[in-house]
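Novice: Here it is, the structure, as structure tokens.
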Amino acid sequence: MRVMVFVKATEDSEKGIFPMPETAKMFEAMGRFNEELVNAGIMLSGDGLTPSSQGKRIAFDGPNRSVIDGPFAETRELVAGYWLWEVKDMDEAVAWVKRCPNPMLGPSEIEIRPLYEMADFQDFLTPEAGKIHDRTREKLGCA
Amino acid sequence: MAASEPRQAIEAIFRIERARLIAGLARLVRNVDFAEELAQDALVIALSEWPRAGVPANPGAWLMTAAKRRAIDAIRRERMRERKHEEIARELDGVVDSAVDGIEAAMDDDLGDELLGLIFTACHPILSADARAALTLRVVGGLTTDEIARAFLSSEATIAQRIVRAKKTIGKAGITFEVPRGAERAARLASVLEVIYLIFNEGYAATAGDDLVRPSLCLEAQRLGRVLAGLAPEDAEVFGLLALMEIQASRLKARVGPDGALLTLTEQNRARWDQLMIRRGLEALARAEALGGDGSYALQAALAACHARARSPADTDWSRIAALYDRLRAVAPSPVVDLNRAIAYSMAFGPDAGLKLIDEIADAAALRAYAPLPAARGDFLFRAGRLSEARPQFEAAAKLTRNEQERAFLLARADACN
């Protein structure tokens, strides 16, 4: 099964990266962990995200679209980085996350979310909607 | 770490460590069966101690230490009848007595090499391809004999016996669990790649009604391929095979039609191709090519990549495919490669180019009762406007194929020749 693993943001991560000895040590530990993931054959991709101050949100309400500039308030609900893993089950994903070094200097959280499979949508998509969906995915070049 | 770890959490940790644990133990005790037993003992100890004491900081080292203690006990119980055993016991004593830090450091240094040694051993050419696949899935992949039996449409007893025999053969031959060097390495690596690709193809051959274990063989083979790529980062063919598997796996969800029938590349809905797998495959292929990859797997991956890059069948770069078949024919000659080369030539340079090549291989014994040969010839003749000659070719192909749907398709093409 494919899971997305989110590293949640903290007050520190929202400030950006500063050259500190602790950060360097954490990056080194994280690098080793990433290497383990790759060597175990489960890591498909992953990246870190810049603070939400660099991000934008678009709010939808009927026909209206309004753009909200970052930073966003609910720090602990924000995402600071992600991986995409191919694991046998959630137990394996949990076991791997537990051996991840703390990605932040203080207390932090990592969240695991299984991806939907196309089959999960089958009951919701009319053949017409399915076709449009396929066409869009093809143009975007996404999975 | 929190105490009261549930059983399944501990088992999940064990599954992550298992292959490396067995690899390290097998090299130490020179017996893969005993190593497997010791690893299992270590799990039992962990299941009784971790819920109380919590999961140790380095579970792999902890399990290894527990297994080694077990090994010493077992060997002592046998009263060290042979001198060889005494040596092993002394060696083990030293390791166990040294500080845990020391063990951890030693494990970090050796582990990759030990796992690679185990993979090379399980895939040793003295074993049949089936035995290699079963043993690799058992000791490296961690599948149960029941899962392997279901995956290979066999009985559990047959698979269990196959694995027992394979372990005995390895023991009798005195295989050392070392990574082979020099010229031997290349030959032995070919055997490893063959096994991984065999596992992948078993999964790929699975159909809708099959046990779910079968398609998961593709994931298992991909995982083995990625592990191998981490252990042998300088071998072009390792990345060639990985690229081939990732790209083929990208089509897993697209290759079956709504009625359960297998679809050809041309018929597949390319929007269903998994672009993440394609991207990973293309990256592995680039790595294989950077390492000078011109072997059979790298070339097959390059062929698969030509299709993966084409947004629609009409966008396919057939002249590149034709050129790749020229090279594949030189590296891994086979009548089927020759036939596919003829098809690629017909697509790239017109039906007459295909006919010229197919005439050269028409007498190959391996293709005598091979439906795709007359089917291809019929297609070339049809496209060249020689309809009366095409018809008997489609009919001959329809007679040879064992697939009902294909037969109907070929007969329809024969009818279209009027």
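Chain identifiers are assigned as A, B, and so on, following the order in which chains appear in the structure tokens; residues are numbered from 1 within each chain, and ligands are numbered from 1 in order of appearance.
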Residues of chain B were defined as contacting chain A if any atom lay at most 9 Å from it, counting only C-alpha atoms; please report them as a ChimeraX atom specification.
Specialist: /B:1,8-13,15-16,57-58,219,222-231,253,269-277,280,311
Novice: What are the DSSP alpha helix (DSSP H) residues of stretch 2-130 of chain A, as a VMD selection string?
Specialist: chain A and resid 21 to 39 90 to 98 118 to 121 127 to 130
Novice: Restricting the calculation to only C-alpha atoms, which member of A:Gly62, A:Pro71, A:Pro114, A:Gly81 is positioned closest to A:Ala9?
Specialist: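 Among A:Gly62, A:Pro71, A:Pro114, A:Gly81, it is A:Gly81 that comes nearest to A:Ala9.
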Novice: Give me, please, the distance in Å between atom CA of A:Ala29 and atom CA of A:Leu105, quoted to one decimal.
Specialist: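 Atom CA of A:Ala29 sits 12.3 Å away from atom CA of A:Leu105.
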